[in-house]
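Trainee: Have a look at the structure that comes next, please.
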Amino acid sequence: MFSSFILALRAAGLPTSITEHLALLNAMRSGVCDYSVEDFYYLSRATLVKDERHLDRFDRVFAEVFKGLERVEGEDHELMQQLPEEWLRKLTEKLLTDEEKKLIEAAGGFDKLMELLKQRLAEQKGRHQGGSKWIGTAGTSPFGAYGYNPEGVRIGQNESRNRSAVKVWDKREFKDLDGDVELGTRTMKLALRRLRRFARQGAATELDIGGTIKATANNAGSLDLKMVPERHNAVKVLLLLDIGGSMDDHVRACEELFSAIRTEFKHLEHYYFHNCIYERLWKNNRRRKDTETTTWDLLRTYGPDYKVIIVGDGAMAPYEVVNPGGSVEHWNEESGKVWLQRLTRHFRRTAWLNPVPQDQWRYSVSTGMLSEIMEARMFPLTLEGLDDLTRELAR
Amino acid sequence: MSFKSTKSYIATRDLEVAVNAAVALQRPLLVKGEPGTGKTVLAHEVSRALGMPLIEWHIKSTTKAQQGLYEYDAVSRLRDGQLGDERVHDIGNYIVRGKLWEAFEAEQQSVLLIDEIDKADIEFPNDLLLELDRMQFYVYETRKTVVAKQRPIVIITSNNEKELPDAFLRRCFFHYIRFPDRETMEQIVQSHFPDVKQELAREALNVFFQIRGVNELKKKPATSELLDWLKLLMIEDLPPEVLRSADSKVVLPPLHGALLKNEQDVHLFERLAFLSRRQPQR
């Protein structure tokens, strides 16, 4: 049951597992929810989705898988239970136009129709589809769903239960919670939180056993506890930002993002480069000449424990990466590739943050080359990208 | 026995389904949502609706999973040892029970609230996996296993500051409390202030949703802020007309301190009000 649904969810990238599938089946059996599509939607959502970022994707898959599902699969006694007369009457009144009601009158009136329905329900055994007498779907009998009989009564296809339920997941209210969306003002806050988490690593106190024994001994044997703060592993970050060009806005956003939490890092340094990293970097773009440092100096100044984050779109001519003298600004003795390899070899953790949406990376040859040099440690500027980046760097 | 909206707590149908599923299958329910949408209150309401005692465990950044089970008070045992106290011979005297133990040993089934689980260390949820799954744990000091007499109903809230591990999530039901729509909000207001003047409530809700509509706000006011604000309005006994501004655009509402908690947001509103005043009336 529902395995195709589970598979569709997995195909859409939701980490749904057998445990959850079984939980859903158990919950169905224990009769937690009524036999209605809407309740089933809520129940399966509570069971299968564990992260609000996935809610939107879940809604989409649900709509796709259960599209055209007009009644809950079930035994007929359920159907019987579902159809109190009052309710049916109300429903019919709601669904039928005046002309149709007149047609019903012609066929013997409303009450007769209801009587016939009850009779058929009693006679019918098993689920039914097609045909011209029994209650089911896609038939021409007056009862059932998707029928052609103008005096038909829709069963299990009613508006109140079904269409409103469809609306619930077709509304896609959780759209902006999806983690793949690029960073906007709202998601910026969340991104900050992720980075903060990355920066903070342990600050509790622990018992200093050696110190305690010594102090207790000094105290003539009466207990004297000594505590020491746990080793504080503040993270050191070196930011290298691509500046000058179409990506300036994104790069500035990144810079702000990091400087907003600079107090969280033990050290946060930043340098600029243009397009690709060559033998020189600078600290201030306006006073570029005065603030230049050679990349060799950078490698000597900052130890391998610095985590390097390179921010840039990586879109340039391929020769800017691989050829000596390929730079658009000056003559470079050694190619960008050589410099990047030097960086990745010197620093233990390096990663590239790319503000260009990930699905566009493949249109740029140089992006692929850079990603290869970075050993696939290139991440998009989305919440998920930041997550992966911090996970990679914190490893 | 099932959980339903009460007079004092309006639960949407999806929340009811999630709570009832968690109760029926005896699995923890993880609740997330914007601050101020009633995550913690939910546990109180569930305990009231099902007539069970509530055991609250509030998590801080320094909380360890072990503290929820028990703590061995080695320091006081050492001290007692030095003073020659008789109690020192039984290690059981120095085992301090935690909230989880309390819930396991309770005579009656109880509701256990683990509040703001994301505040704790990243390993915290992992350390509770087995305990929440089997509802039992082992006390090393006394070599005894504590097994739950009745499986408590566990409600866990999170503000999303940390990602929870997959293995933990697999064992939970999940519900994301969405911000209530206008209709639900009216019900919530009615349930909290049954004697509020209809007109005042309507105007207040208008203003409230207008404020929430401003996208640049740093902290959007949520349900709890609205309720505080309404209470203030009622205490001050302001006439509803005060809330209905002339051009019904953006003006700083009276007693806005209850709604806007951030001086940048107040400033933003002052600027917007200034702009809308400058625009010629159409």
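Naming scheme: A, B, ... for chains in displayed order of the structure tokens; residues 1 onward per chain; ligands 1 onward as shown.
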Kindly determine which residues of chain A lie within 8 Å of chain B, considering only C-alpha atoms, and give the answer as a list of chain:residue names.

Mentor: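 For chain A, the answer reads A:Ser17, A:Thr19, A:Glu20, A:Ala23, A:Asn26, A:Ala27, A:Ser30, A:Val32, A:Cys33, A:Asp39, A:Tyr42, A:Leu43, A:Arg45, A:Ala46, A:Thr47, A:Leu48, A:Val49, A:Lys50, A:Asp51, A:Glu52, A:Thr185, A:Arg193, A:Arg194, A:Arg197, A:Ala204, A:Ser222, A:Leu223.
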
Trainee: Output C-alpha atoms for every residue in that selection, as a PDB file, in the first residue's frame.

Mentor:
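To be explicit, this is the file written out as part_22.pdb:
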ATOM      1  CA  SER A  17      12.313   5.536   4.878  1.00  0.00           C
ATOM      2  CA  THR A  19      10.315   3.134   9.262  1.00  0.00           C
ATOM      3  CA  GLU A  20       8.114   6.023   8.318  1.00  0.00           C
ATOM      4  CA  ALA A  23       4.486   4.120  10.919  1.00  0.00           C
ATOM      5  CA  ASN A  26       0.250   1.555  11.602  1.00  0.00           C
ATOM      6  CA  ALA A  27      -1.382   4.906  12.101  1.00  0.00           C
ATOM      7  CA  SER A  30      -5.119   2.340  14.449  1.00  0.00           C
ATOM      8  CA  VAL A  32      -6.308   7.857  14.025  1.00  0.00           C
ATOM      9  CA  CYS A  33      -7.900   9.754  11.202  1.00  0.00           C
ATOM     10  CA  ASP A  39      -7.143  13.592   7.009  1.00  0.00           C
ATOM     11  CA  TYR A  42      -2.483  15.490   7.240  1.00  0.00           C
ATOM     12  CA  LEU A  43      -1.557  12.117   8.662  1.00  0.00           C
ATOM     13  CA  ARG A  45       2.405  14.699   6.188  1.00  0.00           C
ATOM     14  CA  ALA A  46       2.934  14.324   9.935  1.00  0.00           C
ATOM     15  CA  THR A  47       4.470  10.898   9.402  1.00  0.00           C
ATOM     16  CA  LEU A  48       6.582  11.288   6.303  1.00  0.00           C
ATOM     17  CA  VAL A  49       7.851  14.858   6.406  1.00  0.00           C
ATOM     18  CA  LYS A  50      10.288  15.797   9.120  1.00  0.00           C
ATOM     19  CA  ASP A  51      11.477  19.159   7.982  1.00  0.00           C
ATOM     20  CA  GLU A  52       9.429  22.181   6.994  1.00  0.00           C
ATOM     21  CA  THR A 185      16.144  38.720   3.020  1.00  0.00           C
ATOM     22  CA  ARG A 193      22.092  31.109  12.251  1.00  0.00           C
ATOM     23  CA  ARG A 194      23.775  28.298  10.328  1.00  0.00           C
ATOM     24  CA  ARG A 197      26.395  27.293  14.561  1.00  0.00           C
ATOM     25  CA  ALA A 204      31.143  24.359  28.617  1.00  0.00           C
ATOM     26  CA  SER A 222      38.868  18.273  52.360  1.00  0.00           C
ATOM     27  CA  LEU A 223      37.367  18.500  48.957  1.00  0.00           C
TER      28      LEU A 223
END

Trainee: Give me the residues near Pro239 of chain B as a list of chain:residue names, where near means some atom within 12 Å (using only C-alpha atoms) and where sequence neighbours in that chain fewer than 2 positions away do not count.

Mentor: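 The residues satisfying every condition are B:Val196, B:Lys197, B:Gln198, B:Glu199, B:Leu200, B:Ala201, B:Glu203, B:Ala204, B:Leu233, B:Met234, B:Ile235, B:Glu236, B:Asp237, B:Glu241, B:Val242, B:Leu243, B:Arg244, B:Pro254.
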
Trainee: Fewer than 5 positions away in the same chain doesn't count, so skip those; otherwise give me all residues within 10 Å of Val214 of chain B, counting only C-alpha atoms, as a list in words.

Mentor: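 Here the qualifying residues turn out to be Phe209, Lys220, Val250, Asp265, Leu268, Phe269 and Leu272 of chain B.
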
Trainee: Just to confirm, what's the straight-line distance from atom CA of Thr6 of chain B to atom CA of Ser36 of chain A in Å (one decimal)?

Mentor: 22.6 Å

Trainee: Could you tell me how far atom CA of Lys99 of chain B sits from atom CA of Gly68 of chain B, in Å to one decimal place?

Mentor: 5.1 Å

Trainee: Can you tell me how far atom CA of His44 of chain B sits from atom CA of Asn262 of chain B, in Å to one decimal?

Mentor: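 According to the coordinates, atom CA of His44 of chain B and atom CA of Asn262 of chain B are separated by 29.0 Å.
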
Trainee: Please identify all polymer residues within 12 Å of Glu183 of chain B, counting only C-alpha atoms, omitting same-chain residues fewer than 2 positions from it, and present them as a VMD selection string.

Mentor: chain B and resid 10 12 179 to 181 185 to 190 202 205 to 206 209

Trainee: Go through segment 84-259 of chain B and collect every residue that DSSP, computed from the backbone, puts in helix (DSSP H, G or I); the answer should be as a ChimeraX atom specification.

Mentor: /B:86-89,91-94,99-105,117-119,124-127,129-134,166-170,182-192,198-213,223-236,240-242,256-258

Trainee: Where in segment 79-252 of chain B does DSSP assign strand (DSSP E or B), given as a list in words?

Mentor: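 Everything in segment 79-252 of chain B that counts as strand (DSSP E or B) is Ile95, Val96, Arg97, Val111, Leu112, Leu113, Ile114, Asp115, Gln136, Phe137, Tyr138, Val139, Lys144, Thr145, Val146, Val147, Ile153, Val154, Ile155, Ile156, Thr157, Ser158, Phe173, Phe174, His175, Tyr176 and Ile177 of chain B.
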
Trainee: Please provide as number ranges by chain all residues within 8 Å of Pro380 of chain A, with the sequence filter that same-chain residues fewer than 5 positions apart are discarded (counting only C-alpha atoms).

Mentor: A: 353-358, 385-386

Trainee: Would you mind exporting N, CA and C atoms of the selected residues as a compact mmCIF listing (two decimals), in the first residue's frame?

Mentor:
# COMPACT_ATOMS: atom_id res chain seq x y z
N LEU A 353 32.12 29.10 -2.67
CA LEU A 353 30.71 29.43 -2.57
C LEU A 353 30.31 30.18 -3.84
N ASN A 354 29.35 29.64 -4.57
CA ASN A 354 29.01 30.21 -5.87
C ASN A 354 27.60 30.80 -5.86
N PRO A 355 27.46 32.12 -6.03
CA PRO A 355 26.13 32.74 -5.97
C PRO A 355 25.26 32.41 -7.18
N VAL A 356 25.85 31.87 -8.23
CA VAL A 356 25.05 31.51 -9.41
C VAL A 356 24.25 30.25 -9.09
N PRO A 357 22.95 30.22 -9.46
CA PRO A 357 22.15 29.01 -9.20
C PRO A 357 22.81 27.77 -9.79
N GLN A 358 22.72 26.68 -9.06
CA GLN A 358 23.50 25.49 -9.39
C GLN A 358 23.17 24.92 -10.77
N GLY A 385 23.10 24.92 0.46
CA GLY A 385 24.48 25.06 0.06
C GLY A 385 25.35 25.46 1.25
N LEU A 386 24.84 26.44 2.03
CA LEU A 386 25.59 26.88 3.20
C LEU A 386 25.74 25.75 4.21

Trainee: Under the rule that only C-alpha atoms are counted, which of B:Leu113, B:Leu260, B:Val46, B:Val207 is the nearest residue to Arg182 of chain B?

Mentor: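 Checking each candidate against Arg182 of chain B, we get B:Val207 as the closest.
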